[in-house]
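Engineer: The following block contains the structure, expressed as structure tokens.
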Amino acid sequence: MSFLSSSTKTSAKRAKAMARDPAERIRTLRLLMGLTQGELAEAAGVSQPLISHMQKGTRTVTDDVLQRIAAATGTPLSFFDVDPTDLPTDTLLFRKKASASVKEVNRVEVTVREAYRVAARLLTETCVRRATLPRAEGDLSTDDIEDLAAKTRDALGIARDGVIGHVVRACERAGIPVVPLVLVDGEGHGEDIVVGHSGVSCWRGPAEPSLISYFSAGSGDRQRFTTGHELGHLVLHPARRMSLTPKQAETEAHRFAGAFLMPRDRAREAFEGPIMLRDLAALKQKWGVSIQALVNRAYDVGCIDQDRKESLYKQLSARGWRTNEPVTVHPEQPALMRAMLARRYGEPPSLLQSSEDLGLHPVLMRSLAPDVASNPAPKRTDNVISLGDRIQKRPSLQAL
């Protein structure tokens, strides 16, 4: 135990006050909820010019205004005390639909930043071990990407030639939180994210935590490929992001995901001989990879040429399989965030307590760890493992 003198305590309080930037947090909350200054002002019962002046720094942010905004939006007051470490924009990767507006993109970015902030804090406070991922440097060939995918399996403790039974859990065992995300609307309700195609990844540095998020679990095969794709960004792009175009980065991450989920030697073995759609359906059931991704994988490893690839895609379209494939692969349930919250706040962790302590809107907190209970009765649900009929109880942090 240490003791501070009166002058030291005063200095510490002053330093904390200087670090706190409630005006920036008001802006973050606006973006998070998709509100204009006028809409936020109306909800909080203050004037729009006041909000504008506060964000510009020409008016002091008062506790009364913060309390009004917090009450109007259902946000804990602790949200405004947060001084998150800056997460550079170029380490946050997600594919945007062409129709996405600047407002929608901003909402996704601030939502992911808040998720990263909370996940990084919990990783530190609960002392979760993080595996060291391989890191790509310089120019990469397709062979290099295949090799990095194999080394990533090594880092995650996965056999190089086997089926990955639970992709999300494999990442979480390596200390990489995988979280579902929703947007919070102006009334504090959750809504589906439609800006991104599938997922998003972000990181701070080689020795810092990483995060993978998906916008909607959808089918299990899509979720598994999305997780592998974002894992590819974490391996391939921390040291190379600025030297690539977004399209190049996406192409590399796609190749990585295919190689990670279905190693090259096993893929060539599986695709030996004429490839028919019924064969791909059987492979989907075994590997948990969509038929469309399997067609691409067969092309990547040289088992079919461009003409055969196009022919298979035409057959997929003719059967309606481009939008509704046969063979169901169940979505995988993340567990690391839930386990960290349980270690930090007890079992079951209180939604309100964790939201207040971590400075996060309760809707977002629930989206990061859907099983967090807001009442004392624990919610016991089994998680179905995507590949097979095994049932696995909700794991503890030690089990991960």
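If you're wondering about the labels, chains in the structure tokens are A, B, ... by order shown, residues count from 1 in each chain, ligands from 1 in order shown.
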Can you tell me which residues surround A:Ile145 at a distance of at most 8 Å, considering only C-alpha atoms, apart from same-chain residues fewer than 2 positions away, and format the answer as a ChimeraX atom specification?
Structural biologist: /A:140-143,147-149,252,255-256,259
Engineer: Would you kindly return, as a list of chain:residue names, each protein, DNA or RNA residue with an atom no farther than 10 Å from any atom of A:Asp139, considering only C-alpha atoms and excluding same-chain residues fewer than 2 positions away?
Structural biologist: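 Counting only the stated atoms, we get A:Ala136, A:Glu137, A:Ser141, A:Asp144, A:Arg240, A:Ser243, A:Leu244.
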Engineer: Report as a list in words all protein, DNA and RNA residues lying within 10 Å of A:Thr28, evaluated on only C-alpha atoms, omitting residues in the same chain fewer than 3 positions from it.
Structural biologist: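 These residues fall inside the cut-off: Pro22, Ala23, Glu24, Arg25, Leu31, Leu32, Met33, Gly34, Phe79, Phe80, Asn106, Arg107, Val110, Thr111, Arg113 and Glu114 of chain A.
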Engineer: Mind writing the picked residues with all heavy atoms as a compact mmCIF listing (two decimals), in the first residue's frame?
Structural biologist:
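Saved to out23.txt:
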# COMPACT_ATOMS: atom_id res chain seq x y z
N PRO A 22 -14.43 14.90 -21.92
CA PRO A 22 -15.86 14.59 -22.08
C PRO A 22 -16.43 15.11 -23.39
O PRO A 22 -17.37 14.52 -23.92
CB PRO A 22 -16.50 15.28 -20.86
CG PRO A 22 -15.53 16.33 -20.45
CD PRO A 22 -14.18 15.78 -20.76
N ALA A 23 -15.88 16.20 -23.92
CA ALA A 23 -16.39 16.72 -25.20
C ALA A 23 -16.17 15.70 -26.32
O ALA A 23 -17.05 15.47 -27.16
CB ALA A 23 -15.71 18.04 -25.53
N GLU A 24 -15.00 15.09 -26.32
CA GLU A 24 -14.72 14.07 -27.34
C GLU A 24 -15.59 12.84 -27.14
O GLU A 24 -16.03 12.20 -28.10
CB GLU A 24 -13.24 13.68 -27.29
CG GLU A 24 -12.82 12.64 -28.32
CD GLU A 24 -13.02 13.11 -29.76
OE1 GLU A 24 -13.02 14.34 -29.99
OE2 GLU A 24 -13.18 12.25 -30.63
N ARG A 25 -15.88 12.54 -25.87
CA ARG A 25 -16.74 11.40 -25.60
C ARG A 25 -18.18 11.68 -26.01
O ARG A 25 -18.91 10.77 -26.43
CB ARG A 25 -16.67 11.02 -24.12
CG ARG A 25 -15.32 10.50 -23.67
CD ARG A 25 -14.90 9.28 -24.45
NE ARG A 25 -15.60 8.07 -24.01
CZ ARG A 25 -15.57 6.92 -24.67
NH1 ARG A 25 -14.91 6.82 -25.81
NH2 ARG A 25 -16.22 5.87 -24.21
N LEU A 31 -21.76 9.64 -32.61
CA LEU A 31 -21.46 8.77 -33.73
C LEU A 31 -21.92 7.34 -33.46
O LEU A 31 -22.44 6.66 -34.34
CB LEU A 31 -19.96 8.79 -34.02
CG LEU A 31 -19.35 10.12 -34.47
CD1 LEU A 31 -17.84 9.98 -34.62
CD2 LEU A 31 -19.97 10.57 -35.78
N LEU A 32 -21.73 6.91 -32.23
CA LEU A 32 -22.09 5.55 -31.82
C LEU A 32 -23.58 5.30 -32.03
O LEU A 32 -24.00 4.22 -32.47
CB LEU A 32 -21.73 5.35 -30.35
CG LEU A 32 -21.51 3.96 -29.81
CD1 LEU A 32 -20.35 3.27 -30.49
CD2 LEU A 32 -21.28 4.02 -28.31
N MET A 33 -24.39 6.31 -31.73
CA MET A 33 -25.84 6.16 -31.80
C MET A 33 -26.44 6.75 -33.08
O MET A 33 -27.66 6.74 -33.25
CB MET A 33 -26.47 6.81 -30.57
CG MET A 33 -25.88 6.33 -29.26
SD MET A 33 -26.78 6.81 -27.79
CE MET A 33 -28.07 5.58 -27.75
N GLY A 34 -25.59 7.28 -33.95
CA GLY A 34 -26.08 7.82 -35.20
C GLY A 34 -26.91 9.07 -35.05
O GLY A 34 -27.86 9.30 -35.82
N PHE A 79 -19.06 6.38 -19.05
CA PHE A 79 -18.67 6.46 -20.46
C PHE A 79 -17.88 7.74 -20.72
O PHE A 79 -16.94 7.75 -21.52
CB PHE A 79 -19.92 6.41 -21.34
CG PHE A 79 -19.66 6.57 -22.82
CD1 PHE A 79 -19.39 5.46 -23.61
CD2 PHE A 79 -19.67 7.82 -23.42
CE1 PHE A 79 -19.15 5.59 -24.97
CE2 PHE A 79 -19.43 7.96 -24.78
CZ PHE A 79 -19.17 6.84 -25.56
N PHE A 80 -18.25 8.81 -20.04
CA PHE A 80 -17.63 10.11 -20.28
C PHE A 80 -16.31 10.28 -19.55
O PHE A 80 -15.58 11.24 -19.78
CB PHE A 80 -18.59 11.24 -19.90
CG PHE A 80 -19.90 11.15 -20.62
CD1 PHE A 80 -21.04 10.66 -20.00
CD2 PHE A 80 -19.99 11.53 -21.95
CE1 PHE A 80 -22.23 10.57 -20.67
CE2 PHE A 80 -21.19 11.45 -22.64
CZ PHE A 80 -22.33 10.96 -22.00
N ASN A 106 -18.79 5.73 -39.94
CA ASN A 106 -18.35 6.28 -38.65
C ASN A 106 -18.93 5.49 -37.49
O ASN A 106 -18.24 5.24 -36.48
CB ASN A 106 -18.75 7.75 -38.52
CG ASN A 106 -17.90 8.66 -39.39
OD1 ASN A 106 -16.79 8.31 -39.77
ND2 ASN A 106 -18.41 9.83 -39.70
N ARG A 107 -20.18 5.09 -37.60
CA ARG A 107 -20.82 4.33 -36.53
C ARG A 107 -20.13 2.99 -36.33
O ARG A 107 -19.90 2.56 -35.19
CB ARG A 107 -22.30 4.11 -36.83
CG ARG A 107 -23.15 5.35 -36.74
CD ARG A 107 -24.61 5.03 -36.97
NE ARG A 107 -25.18 4.31 -35.86
CZ ARG A 107 -26.40 3.76 -35.88
NH1 ARG A 107 -27.13 3.83 -36.98
NH2 ARG A 107 -26.87 3.13 -34.82
N VAL A 110 -16.54 3.63 -34.63
CA VAL A 110 -16.53 3.93 -33.20
C VAL A 110 -17.06 2.75 -32.39
O VAL A 110 -16.61 2.53 -31.25
CB VAL A 110 -17.34 5.21 -32.88
CG1 VAL A 110 -16.71 6.43 -33.53
CG2 VAL A 110 -18.80 5.09 -33.28
N THR A 111 -17.97 1.98 -32.96
CA THR A 111 -18.48 0.80 -32.26
C THR A 111 -17.36 -0.21 -32.04
O THR A 111 -17.18 -0.76 -30.95
CB THR A 111 -19.63 0.14 -33.05
OG1 THR A 111 -20.71 1.07 -33.18
CG2 THR A 111 -20.13 -1.10 -32.33
N ARG A 113 -14.14 0.43 -32.04
CA ARG A 113 -13.15 1.00 -31.13
C ARG A 113 -13.57 0.81 -29.67
O ARG A 113 -12.74 0.50 -28.80
CB ARG A 113 -12.93 2.48 -31.43
CG ARG A 113 -12.21 2.74 -32.73
CD ARG A 113 -12.23 4.23 -33.06
NE ARG A 113 -11.76 4.45 -34.41
CZ ARG A 113 -10.49 4.57 -34.77
NH1 ARG A 113 -9.55 4.48 -33.85
NH2 ARG A 113 -10.16 4.78 -36.03
N GLU A 114 -14.85 1.00 -29.40
CA GLU A 114 -15.34 0.79 -28.03
C GLU A 114 -15.22 -0.68 -27.65
O GLU A 114 -14.84 -1.00 -26.52
CB GLU A 114 -16.79 1.26 -27.91
CG GLU A 114 -16.97 2.76 -28.01
CD GLU A 114 -16.23 3.52 -26.92
OE1 GLU A 114 -16.42 3.21 -25.72
OE2 GLU A 114 -15.44 4.42 -27.26
Engineer: For A:Arg160, which residue out of A:Leu360, A:Leu280, A:Ala298, A:Leu261 is the nearest one, using only C-alpha atoms?
Structural biologist: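 With only C-alpha atoms as the atom set, the closest residue is A:Leu261.
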Engineer: Write out as number ranges by chain all residues of stretch 91-130 of chain A that DSSP puts in strand (DSSP E or B) for this structure's backbone.
Structural biologist: A: 92-96
Engineer: Step one, run DSSP on the backbone; step two, keep only residues of stretch 41-235 of chain A assigned to helix (DSSP H, G or I); then write them as a PyMOL selection string.
Structural biologist: chain A and resi 41-44+48-56+63-73+77-81+89-91+102-125+142-155+167-173+220-235
Engineer: Using only C-alpha atoms, which of the listed residues (A:Pro177, A:Gly232, A:Pro238, A:Gly258) sits closest to A:Ser210?
Structural biologist: A:Pro177
Engineer: List the spatial neighbours of A:Met340 as a PDB file with C-alpha atoms, in the first residue's frame - criterion: any atom at most 9 Å away, only C-alpha atoms, same-chain residues fewer than 5 positions off excluded.
Structural biologist:
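Result file follows (part-v6.pdb):
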ATOM      1  CA  ALA A 119     -11.748  -6.235 -24.687  1.00  0.00           C
ATOM      2  CA  LEU A 122     -10.505  -7.227 -19.766  1.00  0.00           C
ATOM      3  CA  LEU A 123      -7.604  -9.147 -21.313  1.00  0.00           C
ATOM      4  CA  GLU A 125      -7.309  -7.394 -15.896  1.00  0.00           C
ATOM      5  CA  THR A 126      -8.005 -11.116 -16.198  1.00  0.00           C
ATOM      6  CA  VAL A 128      -5.455 -13.917 -20.365  1.00  0.00           C
ATOM      7  CA  ALA A 335     -17.070 -17.496 -25.165  1.00  0.00           C
ATOM      8  CA  TYR A 345     -17.557  -9.643 -12.025  1.00  0.00           C
ATOM      9  CA  SER A 396     -14.658 -21.305 -18.218  1.00  0.00           C
ATOM     10  CA  LEU A 397     -11.722 -18.956 -18.828  1.00  0.00           C
TER      11      LEU A 397
END
Engineer: Find the distance between atom CA of A:Asp221 and atom CA of A:Gln292 and write it in Å to one decimal.
Structural biologist: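 A separation of 10.4 Å between them.
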Engineer: Near A:Asp300, within 12 Å and counting only C-alpha atoms, which residues show up once chain neighbours fewer than 2 positions away are dropped, as number ranges by chain?
Structural biologist: A: 142-143, 145-146, 251-252, 254-259, 262-265, 267-268, 271, 293-298, 302-306, 309
Engineer: If we count only C-alpha atoms and set the cut-off at 12 Å, which residues sit around A:Ala71, ignoring sequence neighbours fewer than 2 positions away in its own chain? Please answer as JSON, numbers by chain.
Structural biologist: {"A": [40, 43, 44, 45, 64, 65, 66, 67, 68, 69, 73, 74, 75, 76, 77, 187, 188, 361]}
Engineer: In terms of the shortest atom-to-atom distance over only C-alpha atoms, which of A:Ile275, A:Phe225, A:Ala253, A:Lys314 is closest to A:Tyr299?
Structural biologist: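 Between A:Ile275, A:Phe225, A:Ala253, A:Lys314, the residue approaching A:Tyr299 most closely is A:Ile275.
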Engineer: For atom CA of A:Gly205 and atom CA of A:Ser78, determine how far apart the two atoms are, in Å to one decimal place.
Structural biologist: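 Going from atom CA of A:Gly205 over to atom CA of A:Ser78 covers 26.8 Å.
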Engineer: Which residue is closest to A:Leu368? Choose from A:His237, A:His330, A:Arg117, A:Arg343 and count only C-alpha atoms.
Structural biologist: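 Residue with the minimum atom-to-atom distance to A:Leu368: A:Arg117.
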Engineer: Just how far from atom CA of A:Thr227 is atom CA of A:Tyr313, in Å to one decimal?
Structural biologist: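 Going from atom CA of A:Tyr313 over to atom CA of A:Thr227 covers 23.6 Å.
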